[in-house]
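What follows is a short report on a single structure.
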Amino acid sequence: MSTHFIREGSDDSALLGCLMETMHQGITVIDSDLNMVLLNAAARRLLNFPDDAISDNATLEDLIRFNAERGDYGPGDPEEQVHQRLERARRFEPHDFERVRPDGTILRVQGTPTADGGFVTIYTDVTHERTQERELHDVRAHLEERLDDRTRELQDSRDLLLNAINAVTDGMGISDPQGRVMLANERMRQIYPGVDERIKEGIYVPELLKLIFPDEPEIPFEELINRTGPSQEKRFPDGKWYRIDRTRTPDGGIISVYADITEYKQQQATLMGQAHELVKLLNQEKQLSELQRDFVSMASHEFRTPLAIIDSNAQRLIRRSDKLEQSAVLERGQRIRDAVGRMQYLINRFLNFTRSQAGGMEIDSRDQPLKDTISECCRRFQDSCSSHRIVLDPGNLPETLRFDRKLLELCIDNLLSNAVKYSPDADEIRVAGHTDGTWAAISVEDDGLGIPETEHRKVFDRYFRASTSSGIAGTGIGLNMISMIMDKHRGKVDLESRVGEGTRVTLRLPVAQDDAGERSERTSPRRRAVSA
């Protein structure tokens with residue numbers, strides 16, 4: 001199982017998974033129906049989700065219930081806990097809070113709705129930072145106790161406090177309950193130049209902030225008091241970034257700590273830029289690799305039949321050149337030219353098939369003879385096949401129909417080639433046609449190896465090959481291309497098969513069709529597999 005969860009079918013999931021592996025923060029993504037779309041390895045580790053807690057169809061409700069049942073939300077009815085949290089989740093409201101897990105880990109949870117109706121949540125382990133805050137708070141509390149106990153040594157205690165906070169590498173400032181700045185350490189004096197003189201004048205915290213950010217509205221001290229808790233990150237006019245933590249003192253004042261995180265922000269920006277560039281390069285490499293792989297697969301699969309026709313007719317011309325009449329020579333020469341033309345057509349069509357993954361392939365559909373097309377395919381294939389007899393019964397198929405002749409020939413050639421290849425012990429392939437008023441159906445049937453019922457739904461997937469095809473050369477793209485072609489014709493393809501008894505594949509073209517080349521609005525190929 002993957003070290004993190006990615007919902008099957010998401011765009012660029014493999015690349016996103018690679019990126020997620022490099023991040024230290026936990027990330028979860030849910031869609032508008034509260035289905036879990038993504039949960040990276042860091043999130044699983046921080047939330048302590050075991051492997052068996054994540055399924056391919058996991059939902060937010062599943063994970064909330066898992067937490068409730070193991071007691072993560074404290075005492076109470078687990079179902080009520082699940083209900084309350086799902087109600088909040090369905091509001092898709094932004095949030096930013098901290099959560100303490102049963103093992104003592106403190107997580108900062110930041111949630112943001114997405115434009116498509118989903119929701120992204122980021123989990124950050126702030127245990128270490130909060131531990132430091134508690135330790136600092138303990139130090140301050142200890143100092144304040146000593147100040148209370150030694151009022152007669154107020155000046156000495158003040159000096160001691162100043163020495164202590166000056167030893168802190170972060171900027172630190174302390175205000176009284178009314179918001180007046182009482183003292184600042186050396187680092188804070190660097191952040192706010194001239195603060196010493198202002199302290200003597202009795203400057204208040206909101207006034208001090210306005211010295212650095214004159215264009216920002218003044219924040220009342222009461223609001224600053226209520227902001228104590230999660231850290232605030234802020235960029236100063238000199239370009240430096242600081243993480244600001246404010247903590248209330250027992251008497252109602254505020255202790256502010258400014259940690260310089262400029263280097264961290266620069267590293268974060270650099271990493272994000274490198275990640276975006278990596279994704280771009282990986283996409284380019286993937287597209288190139290797929291293009292090369294598809295071309296090699298298509299060439300090896302689709303050129304076999306025209307090459308066999310060329311070879312067969314060329315051999316006959318060589319063997320019987322002195323006996324053939326000029327008309328026979330012209331006929332066989334024309335067959336060779338037709339086969340070469342089909343190979344050129346396939347190369348040109350390959351680019352359309354590649355673009356079809358983005359919906360760009362168009363078909364050249366026009367009214368043309370259907371029965372003649374099927375008969376010509378069978379005759380041409382029979383010329384190059386000596387192991388099997390092609391038996392054609394066109395039935396009541398219409399004489400003419402609206403379709404792309406080259407693409408339909410490609411489908412029939414594929415089916416005939418598969419039928420011969422996967423029925424090595426048989427000697428007959430049956431091609432039949434019929435019309436039921438809605439569909440013009442062409443079926444190709446063999447008495448070969450057959451396909452297990454459990455694999456019927458997969459045979460139309462690109463590169464899939466049935467288990468019964470072991471030892472027989474093939475690429476697994478033929479039926480996939482057939483399904484694509486039928487979809488573009490607003491048709492469908494059916495498969496019936498039983499192991500050891502053979503396979504029948506039926507192409508169905510609609511008798512009544514829309515304008516030629518109009519693309520189907522459906523998002524998935526019209527195909528189905530039926531047990532024989």
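Ligands are numbered from 1 in the order shown, chains are lettered A, B, ... in the order of the structure tokens, and residues start at 1 in each chain.
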
Subject >> Sel. of helix (DSSP H, G or I) residues, stretch 346-503 of chain A, as a PyMOL selection string >> reply: chain A and resi 346-358+370-384+405-421+453-458+467-469+478-488

Would you mind exporting C-alpha atoms of the selected residues as a short mmCIF file (atom, residue, chain, number, x, y, z; two decimals), in the first residue's frame?
```
data_model
loop_
_atom_site.label_atom_id
_atom_site.label_comp_id
_atom_site.auth_asym_id
_atom_site.auth_seq_id
_atom_site.Cartn_x
_atom_site.Cartn_y
_atom_site.Cartn_z
CA LEU A 346 -2.30 4.80 -39.59
CA ILE A 347 0.75 6.97 -38.98
CA ASN A 348 -1.29 10.14 -39.54
CA ARG A 349 -4.14 8.81 -37.42
CA PHE A 350 -1.76 8.02 -34.58
CA LEU A 351 -1.34 11.71 -33.79
CA ASN A 352 -5.13 12.05 -33.62
CA PHE A 353 -5.32 9.09 -31.24
CA THR A 354 -2.70 10.74 -29.02
CA ARG A 355 -4.69 13.98 -28.97
CA SER A 356 -7.89 12.05 -28.31
CA GLN A 357 -6.82 11.65 -24.67
CA ALA A 358 -7.61 15.38 -24.39
CA LEU A 370 -21.24 -0.53 -45.19
CA LYS A 371 -21.58 -4.05 -46.63
CA ASP A 372 -18.90 -3.43 -49.26
CA THR A 373 -16.51 -2.11 -46.59
CA ILE A 374 -16.93 -5.22 -44.45
CA SER A 375 -16.63 -7.56 -47.46
CA GLU A 376 -13.46 -5.80 -48.64
CA CYS A 377 -11.90 -6.06 -45.15
CA CYS A 378 -12.62 -9.80 -45.01
CA ARG A 379 -11.35 -10.41 -48.54
CA ARG A 380 -8.17 -8.43 -47.96
CA PHE A 381 -7.50 -10.20 -44.67
CA GLN A 382 -8.19 -13.63 -46.22
CA ASP A 383 -5.54 -12.92 -48.89
CA SER A 384 -2.85 -12.70 -46.19
CA ARG A 405 -14.37 4.01 -43.37
CA LYS A 406 -10.67 3.95 -42.50
CA LEU A 407 -11.39 3.74 -38.76
CA LEU A 408 -14.04 1.02 -39.20
CA GLU A 409 -11.60 -0.98 -41.36
CA LEU A 410 -9.03 -0.57 -38.59
CA CYS A 411 -11.54 -2.00 -36.06
CA ILE A 412 -12.44 -5.01 -38.22
CA ASP A 413 -8.79 -5.73 -39.08
CA ASN A 414 -7.98 -5.67 -35.35
CA LEU A 415 -10.80 -8.07 -34.52
CA LEU A 416 -9.89 -10.48 -37.35
CA SER A 417 -6.23 -10.41 -36.32
CA ASN A 418 -7.14 -11.10 -32.66
CA ALA A 419 -9.53 -13.90 -33.65
CA VAL A 420 -6.83 -15.68 -35.68
CA LYS A 421 -4.10 -15.10 -33.11
CA GLU A 453 -15.25 -13.66 -16.88
CA THR A 454 -13.44 -11.73 -14.11
CA GLU A 455 -11.34 -9.96 -16.76
CA HIS A 456 -14.14 -8.93 -19.14
CA ARG A 457 -14.38 -5.40 -17.73
CA LYS A 458 -10.64 -4.83 -18.16
CA SER A 467 -4.35 -14.09 -18.59
CA THR A 468 -5.17 -16.61 -21.33
CA SER A 469 -2.95 -14.69 -23.78
CA GLY A 478 -6.27 -3.05 -30.01
CA LEU A 479 -9.56 -3.22 -28.07
CA ASN A 480 -8.77 0.09 -26.38
CA MET A 481 -8.54 1.82 -29.76
CA ILE A 482 -11.69 0.06 -30.96
CA SER A 483 -13.62 1.36 -27.94
CA MET A 484 -12.35 4.88 -28.63
CA ILE A 485 -13.39 4.67 -32.30
CA MET A 486 -16.87 3.38 -31.41
CA ASP A 487 -17.28 6.14 -28.85
CA LYS A 488 -16.46 8.77 -31.49
#
```

**OP:** Extract, using only C-alpha atoms, all DNA, RNA and protein residues at most 12 Å from A:Pro217, discarding same-chain residues fewer than 5 positions from it, and format them as a PyMOL selection string.
**Re:** chain A and resi 206-207+209-212

Subject >> Pick from A:Ala184, A:Phe49, A:Ser365, A:Val29, whichever lies nearest to A:Glu197 using only C-alpha atoms >> reply: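 Closest to A:Glu197 of all the choices is A:Ala184.
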
Original post:
In Å, with one decimal, what is the gap from atom CA of A:Met23 to atom CA of A:Val109?
Top reply: 15.7 Å

**OP:** Would you mind reading off the distance between atom CA of A:Ile174 and atom CA of A:Val205, one decimal, in Å?
**Re:**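 Going from atom CA of A:Ile174 over to atom CA of A:Val205 covers 9.4 Å.
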
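Atom CA of A:Thr475 is positioned 21.5 Å from atom CA of A:Asp447.
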
**OP:** May I have the residues within 10 Å of A:Arg508 as a VMD selection string, using only C-alpha atoms and disregarding those fewer than 3 positions away in the same chain?
**Re:** chain A and resid 433 to 435 438 to 443 486 489 to 494 505 511 526 to 527

Let me see the file: selected residues, N, CA and C atoms, as a tab-separated table (two decimals), in the first residue's frame.
```
chain	number	residue	atom	x	y	z
A	433	GLY	N	-23.45	-9.92	-39.60
A	433	GLY	CA	-24.05	-8.61	-39.41
A	433	GLY	C	-25.55	-8.71	-39.28
A	434	HIS	N	-26.15	-7.76	-38.58
A	434	HIS	CA	-27.60	-7.67	-38.51
A	434	HIS	C	-27.99	-6.26	-38.05
A	435	THR	N	-29.25	-5.90	-38.31
A	435	THR	CA	-29.77	-4.59	-37.91
A	435	THR	C	-31.07	-4.79	-37.18
A	438	THR	N	-32.21	0.06	-34.47
A	438	THR	CA	-31.47	1.07	-33.71
A	438	THR	C	-29.98	0.99	-34.00
A	439	TRP	N	-29.47	-0.25	-34.06
A	439	TRP	CA	-28.03	-0.46	-34.23
A	439	TRP	C	-27.77	-1.31	-35.48
A	440	ALA	N	-26.70	-0.96	-36.18
A	440	ALA	CA	-26.14	-1.84	-37.21
A	440	ALA	C	-24.97	-2.54	-36.55
A	441	ALA	N	-25.10	-3.87	-36.37
A	441	ALA	CA	-24.12	-4.62	-35.59
A	441	ALA	C	-23.27	-5.50	-36.49
A	442	ILE	N	-21.93	-5.46	-36.24
A	442	ILE	CA	-20.99	-6.34	-36.93
A	442	ILE	C	-20.25	-7.13	-35.86
A	443	SER	N	-20.34	-8.47	-35.91
A	443	SER	CA	-19.69	-9.29	-34.90
A	443	SER	C	-18.63	-10.16	-35.55
A	486	MET	N	-15.42	3.52	-31.54
A	486	MET	CA	-16.87	3.38	-31.41
A	486	MET	C	-17.48	4.54	-30.63
A	489	HIS	N	-18.01	7.42	-32.82
A	489	HIS	CA	-19.14	7.20	-33.72
A	489	HIS	C	-20.48	7.19	-32.96
A	490	ARG	N	-20.46	7.48	-31.67
A	490	ARG	CA	-21.65	7.37	-30.82
A	490	ARG	C	-22.18	5.93	-30.81
A	491	GLY	N	-21.27	5.00	-30.99
A	491	GLY	CA	-21.63	3.59	-30.97
A	491	GLY	C	-21.13	2.93	-29.70
A	492	LYS	N	-21.04	1.60	-29.74
A	492	LYS	CA	-20.55	0.86	-28.58
A	492	LYS	C	-19.98	-0.47	-29.05
A	493	VAL	N	-19.25	-1.11	-28.17
A	493	VAL	CA	-18.65	-2.39	-28.47
A	493	VAL	C	-18.97	-3.35	-27.33
A	494	ASP	N	-19.43	-4.56	-27.68
A	494	ASP	CA	-19.77	-5.59	-26.70
A	494	ASP	C	-18.81	-6.76	-26.83
A	505	VAL	N	-16.88	-10.48	-30.41
A	505	VAL	CA	-16.85	-9.03	-30.20
A	505	VAL	C	-17.79	-8.40	-31.23
A	511	VAL	N	-27.96	3.53	-36.29
A	511	VAL	CA	-28.54	3.69	-37.63
A	511	VAL	C	-28.88	5.15	-37.88
A	526	ARG	N	-18.43	3.95	-24.74
A	526	ARG	CA	-19.61	3.08	-24.68
A	526	ARG	C	-19.17	1.65	-24.98
A	527	ARG	N	-18.91	0.92	-23.98
A	527	ARG	CA	-18.47	-0.45	-24.18
A	527	ARG	C	-18.98	-1.28	-23.02
```

**OP:** Please provide as a PyMOL selection string all residues within 9 Å of A:Thr124, with the sequence filter that same-chain residues fewer than 5 positions apart are discarded (counting only C-alpha atoms).
**Re:** chain A and resi 24-26+43+46+106-110

Original post:
How would you write, as a PyMOL selection string, the set of residues in stretch 57-113 of chain A that DSSP gives as strand (DSSP E or B)?
Top reply: chain A and resi 59+95-100+106-113

Keeping N, CA and C atoms for every residue in the selection just given, could you write it to a file as an mmCIF file, in the first residue's frame?
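Just written: selection-v6.cif:
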```cif
data_model
loop_
_atom_site.group_PDB
_atom_site.id
_atom_site.type_symbol
_atom_site.label_atom_id
_atom_site.label_comp_id
_atom_site.auth_asym_id
_atom_site.auth_seq_id
_atom_site.Cartn_x
_atom_site.Cartn_y
_atom_site.Cartn_z
ATOM 1 N N THR A 59 -13.821 8.113 3.222
ATOM 2 C CA THR A 59 -14.503 9.395 3.335
ATOM 3 C C THR A 59 -14.068 10.067 4.627
ATOM 4 N N HIS A 95 -10.718 27.592 8.805
ATOM 5 C CA HIS A 95 -10.431 27.529 10.232
ATOM 6 C C HIS A 95 -8.940 27.424 10.476
ATOM 7 N N ASP A 96 -8.546 27.797 11.666
ATOM 8 C CA ASP A 96 -7.134 27.741 12.067
ATOM 9 C C ASP A 96 -7.123 27.569 13.597
ATOM 10 N N PHE A 97 -6.839 26.384 14.050
ATOM 11 C CA PHE A 97 -6.836 26.118 15.488
ATOM 12 C C PHE A 97 -5.781 25.073 15.809
ATOM 13 N N GLU A 98 -5.572 24.855 17.113
ATOM 14 C CA GLU A 98 -4.622 23.831 17.548
ATOM 15 C C GLU A 98 -5.368 22.716 18.254
ATOM 16 N N ARG A 99 -4.859 21.511 18.055
ATOM 17 C CA ARG A 99 -5.493 20.321 18.615
ATOM 18 C C ARG A 99 -4.441 19.478 19.312
ATOM 19 N N VAL A 100 -4.734 19.037 20.526
ATOM 20 C CA VAL A 100 -3.809 18.185 21.283
ATOM 21 C C VAL A 100 -4.268 16.742 21.131
ATOM 22 N N ILE A 106 0.915 18.270 19.657
ATOM 23 C CA ILE A 106 0.091 19.447 19.400
ATOM 24 C C ILE A 106 0.141 19.726 17.905
ATOM 25 N N LEU A 107 -1.030 19.735 17.270
ATOM 26 C CA LEU A 107 -1.119 19.966 15.830
ATOM 27 C C LEU A 107 -1.829 21.295 15.562
ATOM 28 N N ARG A 108 -1.233 22.071 14.689
ATOM 29 C CA ARG A 108 -1.920 23.257 14.183
ATOM 30 C C ARG A 108 -2.715 22.843 12.957
ATOM 31 N N VAL A 109 -4.012 23.073 12.950
ATOM 32 C CA VAL A 109 -4.907 22.624 11.883
ATOM 33 C C VAL A 109 -5.429 23.848 11.145
ATOM 34 N N GLN A 110 -5.051 23.953 9.836
ATOM 35 C CA GLN A 110 -5.467 25.089 9.012
ATOM 36 C C GLN A 110 -6.290 24.563 7.849
ATOM 37 N N GLY A 111 -7.543 24.980 7.762
ATOM 38 C CA GLY A 111 -8.428 24.485 6.711
ATOM 39 C C GLY A 111 -8.868 25.602 5.779
ATOM 40 N N THR A 112 -8.889 25.310 4.492
ATOM 41 C CA THR A 112 -9.256 26.299 3.481
ATOM 42 C C THR A 112 -10.143 25.647 2.431
ATOM 43 N N PRO A 113 -11.326 26.220 2.126
ATOM 44 C CA PRO A 113 -12.154 25.665 1.039
ATOM 45 C C PRO A 113 -11.512 25.932 -0.309
#
```

Original post:
Out of A:Ile336, A:Ala432, A:Leu47, A:Val181, which residue has the shortest atom-to-atom distance to A:Ile390 when counting only C-alpha atoms?
Top reply: A:Ala432
